[in-house]
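A.B. asks: Below is one structure. I have some questions about it.
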Amino acid sequence: MQKLLKNREMLLGLIIIGMILGFTTRAPNFANPDNLVTIFNDTSILIILALGQMVVILTKSIDLSVAANLAFTGMAVAMLDSAYPGLPLALLVLISIGIGAALGAINGFLVWALQIPPIVVTLGTLTIYRGMSFVLSGGAWVNAHQMQPDFLGVPRLPVLGLPILSWVAIAVILLIGFILTRTAFGRSTYAAGGNPVAAIYAGIDVGRARFLAFVLSGALAGLSGYLWVSRYAVAYVDIAAGFELDSVAACVIGGISIAGGIGTVIGTVLGALFLGVIKNALPVIGISPFAQMAISGIVIVLAVVFNARAEAKKGRIILRDRAAGKEVTA
């Protein structure tokens, strides 16, 4: 039992189950299967964004521009769908992924080639991409009646009891899991964040790994751009404002080390679901929006403290006292 509780993902899963059961005492239908499906569907876009953010954080970087990328991409494909109704939906989705990947590549290039700190780069591009959304749209909204029925309807279509939006999130979970565990890029990602110096000696191009991580994060943000405007049937400059912080929070809560090199896909998914359960439950039990923000902030701070303590306890073996049979850690 003690070993079970030391498993971060297992413990977080138990906490989520406990939260659901606890909220059920105040809202009897909260644990209803239909409501749980709704919670997962509502959290799907955050899961996709957080997985892209996770890959970047694993390389010892951060991407604060994911929500701005989402906003610009969503506005672009919504305007395209409105101006050219005959465009196939598959093409629009590919365009959204391509735009997102291009914006991510800009971040990655600035970090890789110019050696600018990732937080500085993405804080700047966050503002730039939001500004580009305003310039592109002229500050106007694209509303539901301007979009085509298939553009809006496909993510909502139920398949085997789940909307297609949820299935897209599941597909992304499986894809990122495969990339990180079964490909050379995945191994390079962990190495680049875990020990960059050793990675270089092992022949890994750390800069290239970070660049590709930003491209992948951007591509997922672009996909999320289409999913967001189709899910909520509106595109405007400030959509997903603050969502970049939610993506970071999901990673931190899920056990992704902000120092890089540590974390799992399932941990990130559980971190996003943790936030999803809170955001769905607090309004139901009558908690004000301001209190919700405070509670979410407290949870994030506690998660950071928990992660820092866990990493400090593990330490790093730098000397081994052979005579005494003791290990000295740093």
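Labels for the structure tokens follow display order: chains A, B, ..., residues from 1 in each chain, ligands from 1.
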Counting only C-alpha atoms, what is within 12 Å of stretch 6-17 of chain A, bar same-chain residues fewer than 4 positions away, as an NGL selection string?

C.D. replies: :A and (1-2 or 21-24 or 30-31 or 36 or 250-256 or 262-278 or 281 or 303 or 306-307 or 310)

A.B. asks: Would you output that residue set with N, CA and C atoms, as a compact mmCIF listing (two decimals), in the first residue's frame?

C.D. replies:
# COMPACT_ATOMS: atom_id res chain seq x y z
N MET A 1 0.83 -1.21 0.00
CA MET A 1 0.00 0.00 0.00
C MET A 1 0.87 1.26 0.00
N GLN A 2 1.95 1.24 0.79
CA GLN A 2 2.84 2.39 0.85
C GLN A 2 3.52 2.63 -0.50
N LEU A 21 -16.24 11.68 -5.74
CA LEU A 21 -17.14 11.14 -4.72
C LEU A 21 -17.52 12.22 -3.70
N GLY A 22 -16.56 13.07 -3.35
CA GLY A 22 -16.84 14.13 -2.40
C GLY A 22 -17.83 15.15 -2.96
N PHE A 23 -17.64 15.54 -4.22
CA PHE A 23 -18.56 16.51 -4.84
C PHE A 23 -19.95 15.91 -5.02
N THR A 24 -20.02 14.58 -5.12
CA THR A 24 -21.31 13.93 -5.28
C THR A 24 -22.20 14.14 -4.05
N PHE A 30 -23.32 14.39 -9.94
CA PHE A 30 -21.99 14.73 -10.42
C PHE A 30 -21.23 13.51 -10.93
N ALA A 31 -21.43 12.35 -10.27
CA ALA A 31 -20.73 11.12 -10.68
C ALA A 31 -21.49 10.34 -11.73
N LEU A 36 -19.63 12.63 -16.29
CA LEU A 36 -18.20 12.35 -16.37
C LEU A 36 -17.72 12.44 -17.82
N ALA A 250 -1.47 21.96 -15.44
CA ALA A 250 -1.78 20.55 -15.64
C ALA A 250 -0.51 19.71 -15.62
N CYS A 251 0.55 20.23 -16.24
CA CYS A 251 1.83 19.51 -16.26
C CYS A 251 2.42 19.41 -14.85
N VAL A 252 2.43 20.53 -14.13
CA VAL A 252 3.03 20.55 -12.79
C VAL A 252 2.26 19.64 -11.85
N ILE A 253 0.94 19.73 -11.88
CA ILE A 253 0.11 18.87 -11.03
C ILE A 253 0.33 17.40 -11.38
N GLY A 254 0.55 17.13 -12.65
CA GLY A 254 0.77 15.76 -13.10
C GLY A 254 2.16 15.23 -12.85
N GLY A 255 3.03 16.02 -12.21
CA GLY A 255 4.35 15.52 -11.85
C GLY A 255 5.44 15.81 -12.86
N ILE A 256 5.18 16.67 -13.85
CA ILE A 256 6.22 17.03 -14.80
C ILE A 256 7.17 18.01 -14.12
N ILE A 262 11.73 14.90 -16.47
CA ILE A 262 10.94 14.00 -15.64
C ILE A 262 9.46 14.21 -15.91
N GLY A 263 8.73 13.12 -16.14
CA GLY A 263 7.28 13.24 -16.32
C GLY A 263 6.75 12.20 -17.28
N THR A 264 5.44 11.96 -17.21
CA THR A 264 4.79 10.97 -18.07
C THR A 264 3.54 11.55 -18.70
N VAL A 265 3.11 10.92 -19.77
CA VAL A 265 1.89 11.33 -20.45
C VAL A 265 0.68 11.16 -19.55
N ILE A 266 0.60 10.02 -18.87
CA ILE A 266 -0.56 9.76 -18.01
C ILE A 266 -0.62 10.77 -16.87
N GLY A 267 0.54 11.20 -16.37
CA GLY A 267 0.57 12.21 -15.32
C GLY A 267 -0.01 13.52 -15.81
N THR A 268 0.36 13.93 -17.02
CA THR A 268 -0.17 15.17 -17.59
C THR A 268 -1.67 15.09 -17.80
N VAL A 269 -2.14 13.96 -18.31
CA VAL A 269 -3.58 13.77 -18.53
C VAL A 269 -4.33 13.86 -17.21
N LEU A 270 -3.81 13.21 -16.19
CA LEU A 270 -4.46 13.26 -14.87
C LEU A 270 -4.42 14.67 -14.29
N GLY A 271 -3.33 15.40 -14.53
CA GLY A 271 -3.25 16.78 -14.07
C GLY A 271 -4.32 17.65 -14.73
N ALA A 272 -4.52 17.45 -16.03
CA ALA A 272 -5.56 18.20 -16.73
C ALA A 272 -6.95 17.81 -16.23
N LEU A 273 -7.17 16.50 -16.01
CA LEU A 273 -8.47 16.05 -15.50
C LEU A 273 -8.72 16.58 -14.09
N PHE A 274 -7.66 16.67 -13.29
CA PHE A 274 -7.78 17.24 -11.95
C PHE A 274 -8.35 18.66 -12.04
N LEU A 275 -7.76 19.47 -12.93
CA LEU A 275 -8.26 20.84 -13.11
C LEU A 275 -9.67 20.84 -13.69
N GLY A 276 -9.92 19.90 -14.61
CA GLY A 276 -11.25 19.82 -15.21
C GLY A 276 -12.33 19.50 -14.20
N VAL A 277 -12.04 18.58 -13.29
CA VAL A 277 -13.01 18.22 -12.25
C VAL A 277 -13.27 19.43 -11.34
N ILE A 278 -12.20 20.12 -10.95
CA ILE A 278 -12.36 21.30 -10.09
C ILE A 278 -13.21 22.36 -10.77
N ALA A 281 -16.78 21.30 -10.96
CA ALA A 281 -17.47 21.05 -9.68
C ALA A 281 -17.72 22.32 -8.89
N ALA A 303 1.38 21.78 -5.67
CA ALA A 303 1.95 20.79 -6.59
C ALA A 303 3.43 21.09 -6.85
N PHE A 306 5.37 20.10 -3.78
CA PHE A 306 5.43 18.64 -3.70
C PHE A 306 6.48 18.10 -4.66
N ASN A 307 6.48 18.61 -5.91
CA ASN A 307 7.46 18.16 -6.90
C ASN A 307 8.88 18.48 -6.47
N ALA A 310 9.99 16.17 -3.70
CA ALA A 310 10.21 14.81 -4.19
C ALA A 310 11.55 14.70 -4.93

A.B. asks: Please report, as a JSON list (two decimals) with C-alpha atoms, in the first residue's frame, each residue of stretch 38-241 of chain A to which DSSP assigns helix (DSSP H, G or I) when run on this structure's backbone.

C.D. replies:
[["chain", "number", "residue", "atom", "x", "y", "z"],
["A", 38, "THR", "CA", -19.04, 15.84, -20.29],
["A", 39, "ILE", "CA", -16.16, 16.64, -17.93],
["A", 40, "PHE", "CA", -13.71, 14.68, -20.08],
["A", 41, "ASN", "CA", -15.04, 16.37, -23.22],
["A", 42, "ASP", "CA", -14.77, 19.80, -21.61],
["A", 43, "THR", "CA", -11.17, 19.00, -20.61],
["A", 44, "SER", "CA", -10.13, 17.52, -23.98],
["A", 45, "ILE", "CA", -8.68, 20.73, -25.41],
["A", 46, "LEU", "CA", -6.71, 21.36, -22.22],
["A", 47, "ILE", "CA", -5.37, 17.80, -22.39],
["A", 48, "ILE", "CA", -4.15, 18.36, -25.96],
["A", 49, "LEU", "CA", -2.51, 21.69, -25.10],
["A", 50, "ALA", "CA", -0.96, 20.30, -21.91],
["A", 51, "LEU", "CA", 0.59, 17.37, -23.76],
["A", 52, "GLY", "CA", 2.32, 19.78, -26.14],
["A", 53, "GLN", "CA", 3.43, 21.87, -23.18],
["A", 54, "MET", "CA", 4.73, 18.73, -21.47],
["A", 55, "VAL", "CA", 7.04, 17.89, -24.37],
["A", 56, "VAL", "CA", 8.49, 21.40, -24.24],
["A", 57, "ILE", "CA", 8.94, 21.34, -20.45],
["A", 58, "LEU", "CA", 10.69, 17.96, -20.67],
["A", 66, "VAL", "CA", 0.25, 28.14, -26.76],
["A", 67, "ALA", "CA", -3.04, 29.92, -26.00],
["A", 68, "ALA", "CA", -2.16, 32.85, -28.28],
["A", 69, "ASN", "CA", -1.24, 30.32, -30.98],
["A", 70, "LEU", "CA", -4.62, 28.67, -30.44],
["A", 71, "ALA", "CA", -6.40, 32.05, -30.72],
["A", 72, "PHE", "CA", -4.65, 33.07, -33.94],
["A", 73, "THR", "CA", -5.06, 29.67, -35.59],
["A", 74, "GLY", "CA", -8.70, 29.42, -34.56],
["A", 75, "MET", "CA", -9.43, 32.88, -35.94],
["A", 76, "ALA", "CA", -7.61, 32.08, -39.20],
["A", 77, "VAL", "CA", -9.47, 28.84, -39.95],
["A", 78, "ALA", "CA", -12.82, 30.32, -38.85],
["A", 79, "MET", "CA", -12.34, 33.22, -41.28],
["A", 80, "LEU", "CA", -11.29, 30.81, -44.02],
["A", 81, "ASP", "CA", -14.38, 28.68, -43.45],
["A", 82, "SER", "CA", -16.56, 31.79, -43.53],
["A", 83, "ALA", "CA", -14.95, 33.27, -46.67],
["A", 89, "LEU", "CA", -13.03, 20.29, -43.38],
["A", 90, "ALA", "CA", -9.98, 17.98, -43.55],
["A", 91, "LEU", "CA", -8.05, 20.73, -45.37],
["A", 92, "LEU", "CA", -9.03, 23.31, -42.76],
["A", 93, "VAL", "CA", -7.84, 21.00, -39.98],
["A", 94, "LEU", "CA", -4.52, 20.46, -41.78],
["A", 95, "ILE", "CA", -4.17, 24.22, -42.26],
["A", 96, "SER", "CA", -4.77, 24.81, -38.56],
["A", 97, "ILE", "CA", -2.12, 22.24, -37.62],
["A", 98, "GLY", "CA", 0.29, 23.73, -40.18],
["A", 99, "ILE", "CA", -0.18, 27.31, -38.94],
["A", 100, "GLY", "CA", 0.27, 26.20, -35.36],
["A", 101, "ALA", "CA", 3.42, 24.25, -36.23],
["A", 102, "ALA", "CA", 4.83, 27.28, -38.07],
["A", 103, "LEU", "CA", 4.23, 29.53, -35.06],
["A", 104, "GLY", "CA", 5.84, 26.90, -32.83],
["A", 105, "ALA", "CA", 8.80, 26.72, -35.22],
["A", 106, "ILE", "CA", 9.35, 30.47, -34.77],
["A", 107, "ASN", "CA", 9.62, 29.93, -31.02],
["A", 108, "GLY", "CA", 11.91, 26.94, -31.49],
["A", 109, "PHE", "CA", 14.18, 28.78, -33.94],
["A", 110, "LEU", "CA", 14.63, 31.75, -31.61],
["A", 111, "VAL", "CA", 15.46, 29.41, -28.71],
["A", 112, "TRP", "CA", 17.72, 27.13, -30.76],
["A", 118, "PRO", "CA", 12.42, 30.17, -23.78],
["A", 119, "ILE", "CA", 10.39, 32.14, -21.24],
["A", 120, "VAL", "CA", 11.50, 35.42, -22.85],
["A", 121, "VAL", "CA", 10.82, 34.20, -26.39],
["A", 122, "THR", "CA", 7.38, 32.80, -25.70],
["A", 123, "LEU", "CA", 6.33, 35.73, -23.52],
["A", 124, "GLY", "CA", 7.11, 37.95, -26.50],
["A", 125, "THR", "CA", 5.43, 35.76, -29.09],
["A", 126, "LEU", "CA", 2.39, 35.45, -26.80],
["A", 127, "THR", "CA", 1.79, 39.18, -27.30],
["A", 128, "ILE", "CA", 2.73, 39.07, -30.99],
["A", 129, "TYR", "CA", 0.35, 36.21, -31.82],
["A", 130, "ARG", "CA", -2.51, 37.87, -29.92],
["A", 131, "GLY", "CA", -1.80, 41.08, -31.86],
["A", 132, "MET", "CA", -1.75, 39.14, -35.11],
["A", 133, "SER", "CA", -5.22, 37.80, -34.28],
["A", 134, "PHE", "CA", -6.50, 41.36, -33.90],
["A", 135, "VAL", "CA", -4.85, 42.53, -37.14],
["A", 136, "LEU", "CA", -6.18, 39.52, -39.04],
["A", 137, "SER", "CA", -9.76, 39.98, -37.86],
["A", 144, "ALA", "CA", -21.78, 30.53, -35.49],
["A", 145, "HIS", "CA", -24.01, 31.66, -38.37],
["A", 146, "GLN", "CA", -20.89, 32.55, -40.39],
["A", 149, "PRO", "CA", -22.47, 23.21, -40.34],
["A", 150, "ASP", "CA", -19.78, 20.53, -40.76],
["A", 151, "PHE", "CA", -17.10, 22.91, -39.38],
["A", 152, "LEU", "CA", -19.15, 23.24, -36.20],
["A", 153, "GLY", "CA", -20.81, 19.86, -36.05],
["A", 154, "VAL", "CA", -18.11, 17.25, -36.60],
["A", 155, "PRO", "CA", -16.36, 17.59, -33.19],
["A", 156, "ARG", "CA", -19.77, 17.22, -31.51],
["A", 164, "ILE", "CA", -15.35, 13.13, -31.69],
["A", 165, "LEU", "CA", -13.59, 15.90, -29.73],
["A", 166, "SER", "CA", -12.95, 13.40, -26.93],
["A", 167, "TRP", "CA", -11.72, 10.78, -29.40],
["A", 168, "VAL", "CA", -9.30, 13.33, -30.86],
["A", 169, "ALA", "CA", -7.91, 13.91, -27.36],
["A", 170, "ILE", "CA", -7.54, 10.15, -26.84],
["A", 171, "ALA", "CA", -5.74, 9.84, -30.19],
["A", 172, "VAL", "CA", -3.34, 12.64, -29.21],
["A", 173, "ILE", "CA", -2.67, 10.94, -25.85],
["A", 174, "LEU", "CA", -1.74, 7.71, -27.63],
["A", 175, "LEU", "CA", 0.35, 9.55, -30.23],
["A", 176, "ILE", "CA", 2.40, 11.52, -27.69],
["A", 177, "GLY", "CA", 2.80, 8.41, -25.56],
["A", 178, "PHE", "CA", 4.18, 6.54, -28.58],
["A", 179, "ILE", "CA", 6.49, 9.41, -29.58],
["A", 180, "LEU", "CA", 8.00, 9.76, -26.10],
["A", 181, "THR", "CA", 8.47, 6.06, -25.42],
["A", 182, "ARG", "CA", 9.15, 4.54, -28.82],
["A", 184, "ALA", "CA", 14.56, 8.59, -30.91],
["A", 185, "PHE", "CA", 13.02, 12.06, -30.60],
["A", 186, "GLY", "CA", 11.24, 11.00, -27.40],
["A", 187, "ARG", "CA", 14.47, 9.75, -25.85],
["A", 188, "SER", "CA", 16.26, 12.92, -26.95],
["A", 189, "THR", "CA", 13.52, 15.00, -25.30],
["A", 190, "TYR", "CA", 14.08, 13.40, -21.90],
["A", 191, "ALA", "CA", 17.86, 13.54, -22.29],
["A", 192, "ALA", "CA", 17.86, 17.20, -23.35],
["A", 193, "GLY", "CA", 16.04, 18.19, -20.16],
["A", 194, "GLY", "CA", 17.42, 15.63, -17.75],
["A", 196, "PRO", "CA", 21.92, 18.45, -21.39],
["A", 197, "VAL", "CA", 25.70, 18.11, -20.98],
["A", 198, "ALA", "CA", 25.57, 14.31, -20.95],
["A", 199, "ALA", "CA", 23.13, 14.40, -23.88],
["A", 200, "ILE", "CA", 25.62, 16.39, -25.95],
["A", 201, "TYR", "CA", 28.40, 13.90, -25.15],
["A", 206, "VAL", "CA", 19.83, 19.39, -27.61],
["A", 207, "GLY", "CA", 18.95, 22.51, -29.61],
["A", 208, "ARG", "CA", 17.29, 20.45, -32.33],
["A", 209, "ALA", "CA", 15.33, 18.47, -29.74],
["A", 210, "ARG", "CA", 14.01, 21.70, -28.22],
["A", 211, "PHE", "CA", 13.17, 23.08, -31.66],
["A", 212, "LEU", "CA", 11.14, 19.98, -32.55],
["A", 213, "ALA", "CA", 9.42, 20.10, -29.14],
["A", 214, "PHE", "CA", 8.24, 23.66, -29.87],
["A", 215, "VAL", "CA", 7.05, 22.61, -33.34],
["A", 216, "LEU", "CA", 5.05, 19.73, -31.85],
["A", 217, "SER", "CA", 3.59, 21.99, -29.16],
["A", 218, "GLY", "CA", 2.64, 24.53, -31.82],
["A", 219, "ALA", "CA", 1.01, 21.89, -34.01],
["A", 220, "LEU", "CA", -1.14, 20.69, -31.10],
["A", 221, "ALA", "CA", -2.02, 24.31, -30.27],
["A", 222, "GLY", "CA", -3.07, 24.78, -33.90],
["A", 223, "LEU", "CA", -5.27, 21.69, -33.77],
["A", 224, "SER", "CA", -6.74, 23.03, -30.53],
["A", 225, "GLY", "CA", -7.49, 26.30, -32.33],
["A", 226, "TYR", "CA", -9.90, 24.58, -34.71],
["A", 227, "LEU", "CA", -11.36, 22.43, -31.94],
["A", 228, "TRP", "CA", -11.96, 25.49, -29.73],
["A", 229, "VAL", "CA", -13.81, 27.62, -32.31],
["A", 230, "SER", "CA", -15.89, 24.64, -33.45],
["A", 231, "ARG", "CA", -16.64, 23.59, -29.86],
["A", 232, "TYR", "CA", -17.76, 27.06, -28.73]]

A.B. asks: Please determine, counting only C-alpha atoms, which residue among A:Pro28, A:Pro33, A:Gly18, A:Pro88 has the shortest atom-to-atom distance to A:Gln148.

C.D. replies: A:Pro88

A.B. asks: Which residue, A:Val305, A:Leu87, A:Leu160, A:Leu245, has the smallest gap to A:Ser65 when you use only C-alpha atoms?

C.D. replies: A:Leu245

A.B. asks: I need the strand (DSSP E) residues of stretch 69-258 of chain A per DSSP on the backbone, written as a ChimeraX atom specification.

C.D. replies: /A:142-143,158-159,162-163,234-235
